[in-house]
$ cat structure23.cif   # mmCIF, C-alpha atoms
data_model
#
loop_
_atom_site.label_atom_id
_atom_site.label_comp_id
_atom_site.auth_asym_id
_atom_site.auth_seq_id
_atom_site.Cartn_x
_atom_site.Cartn_y
_atom_site.Cartn_z
CA MET A 1 -42.45 76.01 10.67
CA ALA A 2 -44.24 74.97 7.49
CA ASN A 3 -47.07 72.47 7.75
CA LEU A 4 -48.73 70.08 5.33
CA SER A 5 -51.27 72.68 4.19
CA ASP A 6 -48.48 75.14 3.37
CA VAL A 7 -46.81 72.55 1.16
CA ALA A 8 -50.12 71.76 -0.53
CA ALA A 9 -50.83 75.44 -1.25
CA GLU A 10 -47.33 75.98 -2.64
CA ALA A 11 -47.60 72.91 -4.88
CA GLY A 12 -51.16 73.62 -5.99
CA VAL A 13 -52.60 70.32 -4.72
CA SER A 14 -54.74 69.20 -1.81
CA PRO A 15 -53.26 68.43 1.64
CA ALA A 16 -54.61 64.88 1.26
CA ALA A 17 -52.61 64.44 -1.94
CA VAL A 18 -49.42 65.57 -0.21
CA SER A 19 -50.06 63.25 2.72
CA ARG A 20 -50.74 60.24 0.52
CA TYR A 21 -47.70 61.04 -1.63
CA LEU A 22 -45.40 61.20 1.40
CA ASN A 23 -46.78 57.89 2.67
CA ASN A 24 -46.37 56.19 -0.73
CA ARG A 25 -50.12 55.64 -0.99
CA ILE A 26 -50.78 57.38 -4.29
CA GLU A 27 -49.24 57.44 -7.76
CA LEU A 28 -49.05 60.97 -9.15
CA PRO A 29 -47.88 62.37 -12.49
CA GLN A 30 -44.18 63.19 -12.47
CA ALA A 31 -44.87 66.91 -12.86
CA THR A 32 -47.06 66.86 -9.72
CA LYS A 33 -44.41 64.94 -7.77
CA ASP A 34 -41.81 67.48 -8.84
CA ARG A 35 -44.00 70.37 -7.62
CA ILE A 36 -44.51 68.73 -4.23
CA ASP A 37 -40.80 67.97 -3.86
CA ALA A 38 -39.93 71.55 -4.82
CA ALA A 39 -42.45 72.92 -2.30
CA ILE A 40 -41.03 70.70 0.45
CA ALA A 41 -37.50 71.91 -0.31
CA LYS A 42 -38.51 75.59 -0.56
CA LEU A 43 -40.47 75.57 2.71
CA ASP A 44 -37.99 73.24 4.48
CA TYR A 45 -40.96 71.09 5.47
CA ARG A 46 -40.40 68.37 8.07
CA PRO A 47 -43.17 65.78 8.51
CA ASN A 48 -44.71 65.41 11.95
CA LEU A 49 -43.18 62.04 12.73
CA MET A 50 -45.39 61.41 15.75
CA ALA A 51 -48.57 62.01 13.75
CA ARG A 52 -47.23 59.88 10.93
CA ARG A 53 -46.44 57.04 13.30
CA LEU A 54 -49.93 57.25 14.78
CA SER A 55 -51.50 57.10 11.33
CA THR A 56 -49.35 54.24 10.03
CA GLY A 57 -48.84 52.31 13.26
CA LYS A 58 -45.11 52.14 12.52
CA ALA A 59 -42.06 53.71 14.13
CA GLU A 60 -40.24 53.63 10.77
CA ALA A 61 -37.15 52.63 12.70
CA ILE A 62 -35.30 49.42 13.38
CA SER A 63 -32.83 48.48 16.08
CA LEU A 64 -29.41 46.93 15.61
CA VAL A 65 -28.03 45.12 18.62
CA THR A 66 -24.25 44.74 18.48
CA PRO A 67 -21.79 43.42 21.07
CA ASP A 68 -19.31 46.29 20.68
CA ILE A 69 -19.68 49.16 18.21
CA ALA A 70 -16.04 50.13 18.85
CA ASN A 71 -14.91 46.82 17.36
CA PRO A 72 -14.23 47.42 13.62
CA PHE A 73 -15.84 44.09 12.71
CA PHE A 74 -19.19 45.08 14.24
CA ALA A 75 -18.79 48.72 13.19
CA GLU A 76 -18.49 47.71 9.54
CA LEU A 77 -21.61 45.55 9.81
CA ALA A 78 -23.45 48.42 11.51
CA ALA A 79 -22.44 50.85 8.75
CA ALA A 80 -23.83 48.51 6.09
CA VAL A 81 -27.08 48.11 8.03
CA GLU A 82 -27.46 51.88 8.39
CA ARG A 83 -26.85 52.59 4.71
CA GLU A 84 -29.38 50.03 3.54
CA ALA A 85 -32.02 51.02 6.10
CA HIS A 86 -31.71 54.73 5.32
CA GLU A 87 -32.07 54.08 1.61
CA ARG A 88 -35.35 52.38 2.42
CA GLY A 89 -36.64 55.14 4.67
CA TYR A 90 -35.88 53.62 8.06
CA ALA A 91 -33.89 55.07 10.93
CA VAL A 92 -31.53 52.76 12.83
CA TYR A 93 -31.06 52.78 16.59
CA ILE A 94 -27.87 51.02 17.64
CA SER A 95 -27.53 49.27 20.99
CA SER A 96 -23.95 48.38 21.90
CA THR A 97 -24.36 45.78 24.62
CA SER A 98 -20.75 45.17 25.72
CA SER A 99 -21.72 41.48 25.39
CA GLY A 100 -23.93 41.83 28.46
CA ALA A 101 -26.92 39.51 28.70
CA GLY A 102 -28.97 42.17 30.50
CA ASN A 103 -28.25 44.78 27.84
CA GLU A 104 -29.28 42.36 25.09
CA ALA A 105 -32.52 41.57 26.91
CA ASP A 106 -33.26 45.28 27.37
CA ALA A 107 -32.87 45.89 23.63
CA ILE A 108 -35.39 43.14 22.86
CA ARG A 109 -37.86 44.56 25.39
CA ARG A 110 -37.59 48.05 23.85
CA MET A 111 -38.66 46.56 20.55
CA ALA A 112 -41.59 44.86 22.24
CA ASP A 113 -42.61 48.25 23.69
CA GLY A 114 -42.97 49.67 20.19
CA HIS A 115 -39.93 51.95 20.09
CA VAL A 116 -38.82 50.24 16.87
CA ASP A 117 -40.55 48.10 14.27
CA GLY A 118 -37.97 45.33 14.15
CA LEU A 119 -34.61 44.13 15.32
CA ILE A 120 -31.36 42.85 13.82
CA MET A 121 -29.61 40.85 16.50
CA MET A 122 -25.87 40.26 16.79
CA THR A 123 -24.29 38.50 19.76
CA ASN A 124 -20.86 37.02 20.43
CA ARG A 125 -21.61 34.92 23.46
CA VAL A 126 -23.30 31.60 24.14
CA ASP A 127 -26.93 32.10 25.19
CA ASP A 128 -28.14 30.37 28.35
CA GLY A 129 -31.68 30.24 26.96
CA THR A 130 -32.69 33.75 28.02
CA LEU A 131 -32.43 35.36 24.59
CA ALA A 132 -34.10 32.43 22.85
CA SER A 133 -37.01 32.73 25.27
CA LEU A 134 -37.37 36.49 24.75
CA LEU A 135 -37.28 36.05 20.97
CA GLU A 136 -39.80 33.21 20.91
CA ASN A 137 -42.69 33.83 18.49
CA ARG A 138 -41.23 37.12 17.23
CA ASP A 139 -41.88 37.79 13.57
CA ASN A 140 -39.79 40.95 13.29
CA VAL A 141 -36.26 39.81 14.19
CA VAL A 142 -33.32 38.70 12.03
CA LEU A 143 -30.16 37.11 13.43
CA LEU A 144 -26.90 38.33 11.94
CA ASP A 145 -23.42 36.71 12.07
CA GLU A 146 -24.03 34.38 15.04
CA ASP A 147 -26.80 31.96 15.93
CA ILE A 148 -28.91 31.87 19.06
CA ALA A 149 -29.74 28.23 19.75
CA GLY A 150 -33.47 27.61 19.93
CA ALA A 151 -34.47 30.89 18.27
CA ASN A 152 -36.45 30.02 15.14
CA LEU A 153 -35.72 33.20 13.20
CA PRO A 154 -34.32 34.19 9.80
CA ARG A 155 -30.53 34.10 9.85
CA VAL A 156 -27.76 35.67 7.78
CA PHE A 157 -24.43 33.87 8.21
CA VAL A 158 -21.29 33.12 6.22
CA GLU A 159 -19.79 29.79 5.21
CA ASN A 160 -17.70 29.44 8.35
CA ALA A 161 -16.76 25.80 7.86
CA GLU A 162 -15.80 26.32 4.22
CA GLY A 163 -13.64 29.31 5.15
CA ALA A 164 -11.70 27.38 7.77
CA TYR A 165 -11.41 24.40 5.42
CA ARG A 166 -9.88 26.57 2.67
CA ALA A 167 -7.52 28.24 5.13
CA THR A 168 -6.30 24.89 6.44
CA ARG A 169 -5.95 23.48 2.93
CA HIS A 170 -3.87 26.54 2.04
CA LEU A 171 -1.47 25.74 4.88
CA ILE A 172 -1.32 22.06 3.93
CA GLU A 173 -0.68 22.91 0.28
CA ASN A 174 2.22 25.07 1.45
CA GLY A 175 3.81 22.04 3.08
CA HIS A 176 2.56 22.33 6.65
CA ARG A 177 1.76 19.22 8.65
CA ASP A 178 1.90 20.54 12.21
CA ILE A 179 -1.06 22.92 12.36
CA ALA A 180 -2.84 24.27 15.43
CA LEU A 181 -6.11 26.21 15.77
CA ILE A 182 -6.98 29.07 18.11
CA GLY A 183 -10.69 29.96 18.22
CA GLY A 184 -13.38 31.83 20.10
CA PRO A 185 -15.79 30.71 22.83
CA ASN A 186 -16.63 27.02 22.94
CA ARG A 187 -20.22 26.22 21.84
CA LEU A 188 -20.53 29.43 19.79
CA MET A 189 -21.84 28.56 16.32
CA SER A 190 -19.04 30.18 14.31
CA VAL A 191 -16.43 28.52 16.51
CA GLY A 192 -17.89 25.06 16.05
CA GLU A 193 -18.24 25.50 12.30
CA ARG A 194 -14.69 26.79 11.84
CA LEU A 195 -13.36 23.93 13.94
CA GLU A 196 -15.33 21.51 11.76
CA GLY A 197 -13.76 22.93 8.58
CA PHE A 198 -10.27 22.72 10.09
CA SER A 199 -10.81 19.15 11.30
CA ARG A 200 -12.17 18.05 7.93
CA ALA A 201 -9.15 19.41 6.05
CA MET A 202 -6.72 17.80 8.49
CA ALA A 203 -8.54 14.44 8.33
CA GLU A 204 -8.62 14.46 4.52
CA ALA A 205 -4.85 14.99 4.51
CA GLY A 206 -4.33 12.23 7.07
CA LEU A 207 -2.82 14.70 9.54
CA PRO A 208 -3.29 14.24 13.29
CA VAL A 209 -4.00 17.16 15.59
CA PRO A 210 -2.01 16.68 18.82
CA PRO A 211 -3.82 17.08 22.15
CA GLY A 212 -3.86 20.71 23.23
CA TRP A 213 -3.43 22.08 19.72
CA VAL A 214 -7.07 23.21 19.49
CA MET A 215 -7.47 26.11 21.90
CA LEU A 216 -10.84 27.83 22.37
CA GLY A 217 -11.41 30.96 24.43
CA ASP A 218 -12.26 34.42 23.07
CA TYR A 219 -12.19 36.32 19.79
CA THR A 220 -9.63 38.74 21.24
CA SER A 221 -6.01 39.68 20.76
CA ALA A 222 -5.32 38.98 24.42
CA TYR A 223 -6.57 35.41 24.13
CA GLY A 224 -4.67 34.92 20.87
CA GLN A 225 -1.45 35.98 22.57
CA ALA A 226 -2.04 33.78 25.60
CA ALA A 227 -2.97 30.71 23.56
CA ALA A 228 -0.08 31.16 21.13
CA SER A 229 2.32 31.48 24.04
CA VAL A 230 1.25 28.06 25.31
CA LEU A 231 1.67 26.54 21.85
CA LEU A 232 5.05 28.15 21.18
CA ASP A 233 6.44 27.18 24.58
CA GLY A 234 5.22 23.58 24.40
CA PRO A 235 7.40 20.52 23.89
CA ALA A 236 6.51 20.47 20.18
CA ARG A 237 5.84 23.68 18.30
CA PRO A 238 3.37 23.92 15.40
CA SER A 239 4.70 25.19 12.09
CA ALA A 240 1.41 27.00 11.40
CA ILE A 241 -1.62 28.37 13.26
CA LEU A 242 -5.14 28.99 12.01
CA ALA A 243 -6.45 31.94 14.04
CA CYS A 244 -10.24 32.03 13.82
CA SER A 245 -10.36 35.83 13.84
CA ASP A 246 -7.96 38.55 12.76
CA TYR A 247 -7.88 39.83 16.33
CA ILE A 248 -6.68 36.44 17.52
CA ALA A 249 -4.07 36.56 14.75
CA VAL A 250 -2.77 39.91 16.05
CA GLY A 251 -2.33 38.30 19.46
CA VAL A 252 -0.42 35.43 17.86
CA MET A 253 1.88 37.95 16.20
CA LYS A 254 2.61 39.54 19.58
CA ALA A 255 3.50 36.17 21.09
CA VAL A 256 5.76 35.34 18.14
CA ARG A 257 7.65 38.63 18.39
CA ALA A 258 8.04 38.29 22.15
CA ARG A 259 10.09 35.15 21.45
CA ASP A 260 12.22 36.77 18.73
CA LEU A 261 10.58 34.56 16.12
CA ILE A 262 9.56 35.73 12.66
CA ILE A 263 6.37 35.19 10.63
CA PRO A 264 6.36 33.34 8.26
CA ARG A 265 9.93 32.06 8.67
CA ASP A 266 9.29 30.41 12.04
CA LEU A 267 5.51 30.21 12.00
CA SER A 268 2.91 30.59 9.26
CA LEU A 269 -0.36 32.26 10.22
CA VAL A 270 -3.85 32.58 8.71
CA GLY A 271 -6.63 34.75 10.17
CA PHE A 272 -10.38 35.01 9.61
CA ASP A 273 -12.43 38.17 8.79
CA ASP A 274 -10.10 40.31 6.62
CA MET A 275 -10.41 43.42 8.73
CA ALA A 276 -8.92 46.63 7.31
CA PHE A 277 -5.77 46.24 9.41
CA ALA A 278 -5.04 42.76 8.04
CA GLU A 279 -3.10 44.13 5.08
CA LEU A 280 -1.37 46.75 7.24
CA VAL A 281 0.26 44.48 9.82
CA ASP A 282 3.78 43.16 9.29
CA PRO A 283 3.73 40.84 7.49
CA PRO A 284 0.38 41.42 5.75
CA LEU A 285 -1.99 38.73 6.99
CA THR A 286 -3.36 35.90 4.89
CA THR A 287 -6.97 35.63 6.00
CA VAL A 288 -10.52 34.57 5.14
CA ARG A 289 -12.63 37.50 3.97
CA GLN A 290 -16.20 37.79 5.20
CA PRO A 291 -18.52 39.93 2.99
CA LEU A 292 -19.60 42.24 5.80
CA GLY A 293 -21.33 44.76 3.52
CA ASP A 294 -23.46 42.09 1.89
CA MET A 295 -24.29 40.60 5.27
CA GLY A 296 -25.59 43.89 6.63
CA ARG A 297 -27.59 44.71 3.50
CA LEU A 298 -29.24 41.30 3.38
CA ALA A 299 -30.17 41.43 7.06
CA VAL A 300 -32.02 44.72 6.48
CA ARG A 301 -33.77 43.45 3.36
CA HIS A 302 -34.93 40.31 5.14
CA LEU A 303 -36.17 42.31 8.12
CA LEU A 304 -38.10 44.79 5.98
CA ALA A 305 -39.65 41.90 4.07
CA LEU A 306 -41.00 40.62 7.39
CA LEU A 307 -42.24 44.08 8.39
CA GLU A 308 -44.12 44.37 5.09
CA GLY A 309 -45.94 41.11 5.72
CA GLY A 310 -43.73 38.96 3.53
CA GLU A 311 -41.30 36.15 4.25
CA ALA A 312 -37.55 35.87 4.61
CA PRO A 313 -35.35 32.81 4.03
CA ALA A 314 -34.89 30.71 7.13
CA GLU A 315 -31.13 30.84 6.62
CA THR A 316 -28.87 32.65 4.17
CA ARG A 317 -25.22 31.63 3.84
CA LEU A 318 -22.82 33.98 2.08
CA PRO A 319 -19.57 32.74 0.54
CA VAL A 320 -16.15 33.64 1.94
CA GLN A 321 -12.87 34.19 0.13
CA LEU A 322 -9.31 33.26 1.06
CA ILE A 323 -7.05 36.32 0.70
CA SER A 324 -3.43 35.27 0.29
CA ARG A 325 -0.80 37.70 1.57
CA GLN A 326 2.65 37.25 3.14
CA SER A 327 2.05 35.48 6.46
CA VAL A 328 2.27 31.96 4.99
CA ALA A 329 5.40 30.25 3.65
CA HIS A 330 6.67 26.68 3.22
CA PRO A 331 8.08 25.43 6.54
CA ALA A 332 11.39 24.66 4.80
CA THR A 333 11.80 28.40 4.19
CA LYS A 334 13.17 28.83 7.71
CA ASP A 335 16.31 26.95 6.66
CA ILE A 336 17.20 29.43 3.94
CA LEU A 337 16.15 32.82 5.30
#

$ encode --input "structure23.cif" --output "structure tokens"
Amino acid sequence: MANLSDVAAEAGVSPAAVSRYLNNRIELPQATKDRIDAAIAKLDYRPNLMARRLSTGKAEAISLVTPDIANPFFAELAAAVEREAHERGYAVYISSTSSGAGNEADAIRRMADGHVDGLIMMTNRVDDGTLASLLENRDNVVLLDEDIAGANLPRVFVENAEGAYRATRHLIENGHRDIALIGGPNRLMSVGERLEGFSRAMAEAGLPVPPGWVMLGDYTSAYGQAAASVLLDGPARPSAILACSDYIAVGVMKAVRARDLIIPRDLSLVGFDDMAFAELVDPPLTTVRQPLGDMGRLAVRHLLALLEGGEAPAETRLPVQLISRQSVAHPATKDIL
């Protein structure tokens, strides 16, 4: 296996020059850089990462903590994080926690032990104070997608309230007055913000929300189906539902079909996320698009700014976009289809 001296001899420079070049600590003429790069490729040189870490004091790796890497929402965020980190010379270690508090705490402790330089934290559950305590006084952590109450860290979120407001306004503008909401876990930041946007749109239109028509549980298809079943079997049925995730919307679709109803003839539906399957379901789902790629890239950039001794914004909010498809129609449509 080639070593640093072999590369230096092949390129006609000193080993110190090669070392400083690889660590971005020297500016060399382009011709010299080209010779070093050619020597590295010819000799298939691989830096001694352990020695490099000892000399720089950095692992040159970050950790991404995600609730469930199998979930396409988190997988897309993870892919964006990996692409941006790799472009900047950092490896990414992914911890899929299955939403377990112990697994999340273990990931934070691994960072503290020096296995990685920093951490991008995603969670989809309400913290009991444990995570906030473990993250206290950390200067190498960025929160992504969801907040952790009490953790004073840079955050990258989307405009949740504005997204839900636009989705509700879209239903109102299509003639709906009887609108229900199905959301995720109570006290989760995104849930509260989406409920706020929904409530604001309904209040501005002078529309009441009947008791029991705001149902909060989980961001899952199973919960969407269960909650929609209650709404559809109630004494008064909504003409439209705002599902606060596309997975909830899929569950609503299952409940609708189980009752031989048709979307949007019998019920209009709007989701939130714009996952890849949203345009593939029948009918294609009107939904609020979150810019997952931008979210992941910004989280990495903010984290690396911290690792380089700089600062990151306390909170970054990215805009969302309402994507209109075929799951919304005027409630009067059911009389003519």

$ resolve_selection --input "structure23.cif" --expression "the PyMOL selection byres ((chain A and resi 220) around 10)" --output "MDAnalysis selection string"
chainID A and resid 183:184 217:219 221:225 245:251

$ closest_atom_pairs --input "structure23.cif" --of "segment 56-86 of chain A" --to "segment 129-151 of chain A" --cutoff "10 Å" --atoms "only C-alpha atoms" --output "CSV"
residue,atom,partner,partner_atom,distance
A:Ile62,CA,A:Asn140,CA,9.6
A:Ser63,CA,A:Val141,CA,9.5
A:Leu64,CA,A:Leu144,CA,9.7
A:Val65,CA,A:Leu144,CA,9.6
A:Thr66,CA,A:Leu144,CA,9.5
A:Phe74,CA,A:Asp145,CA,9.6
A:Leu77,CA,A:Leu144,CA,9.2

$ atom_distance --input "structure23.cif" --atom1 "atom CA of Glu104 of chain A" --atom2 "atom CA of Thr123 of chain A"
8.3 Å

$ residues_around --input "structure23.cif" --residues "Thr316 of chain A" --least-positions-apart "5" --cutoff "7 Å" --atoms "all atoms listed in the file" --output "PyMOL selection string"
chain A and resi 155-157

$ atom_distance --input "structure23.cif" --atom1 "atom CA of Ala79 of chain A" --atom2 "atom CA of Val252 of chain A"
28.4 Å

$ atom_distance --input "structure23.cif" --atom1 "atom CA of Leu22 of chain A" --atom2 "atom CA of Arg83 of chain A"
20.7 Å

$ resolve_selection --input "structure23.cif" --expression "the PyMOL selection byres ((chain A and resi 185-193) around 6)" --output "list of chain:residue names"
A:Val126, A:Asn160, A:Ala161, A:Gly184, A:Arg194, A:Leu195, A:Glu196, A:Leu216, A:Gly217, A:Asp218

$ closest_residue --input "structure23.cif" --among "A:Leu153, A:Met253, A:Ala314, A:Ile26" --to "Gly271 of chain A" --atoms "all atoms listed in the file"
A:Met253

$ resolve_selection --input "structure23.cif" --expression "the PyMOL selection byres ((chain A and resi 99) around 10)" --output "list in words"
Val65, Thr66, Pro67, Asp68, Ser96, Thr97, Ser98, Gly100, Ala101, Gly102, Asn103, Glu104, Met122, Thr123, Asn124 and Arg125 of chain A

$ closest_residue --input "structure23.cif" --among "A:Ser229, A:Ser199, A:Gln30, A:Ser239" --to "Arg257 of chain A" --atoms "all atoms listed in the file"
A:Ser229

$ closest_residue --input "structure23.cif" --among "A:Pro238, A:Pro331, A:Pro72, A:Pro211" --to "Ala180 of chain A" --atoms "all atoms listed in the file"
A:Pro238

$ closest_residue --input "structure23.cif" --among "A:Pro15, A:Gly163, A:Pro29, A:Gly118" --to "Val300 of chain A" --atoms "only C-alpha atoms"
A:Gly118

$ closest_residue --input "structure23.cif" --among "A:Leu242, A:Val320, A:Ile36, A:Ala16" --to "Ala228 of chain A" --atoms "only C-alpha atoms"
A:Leu242
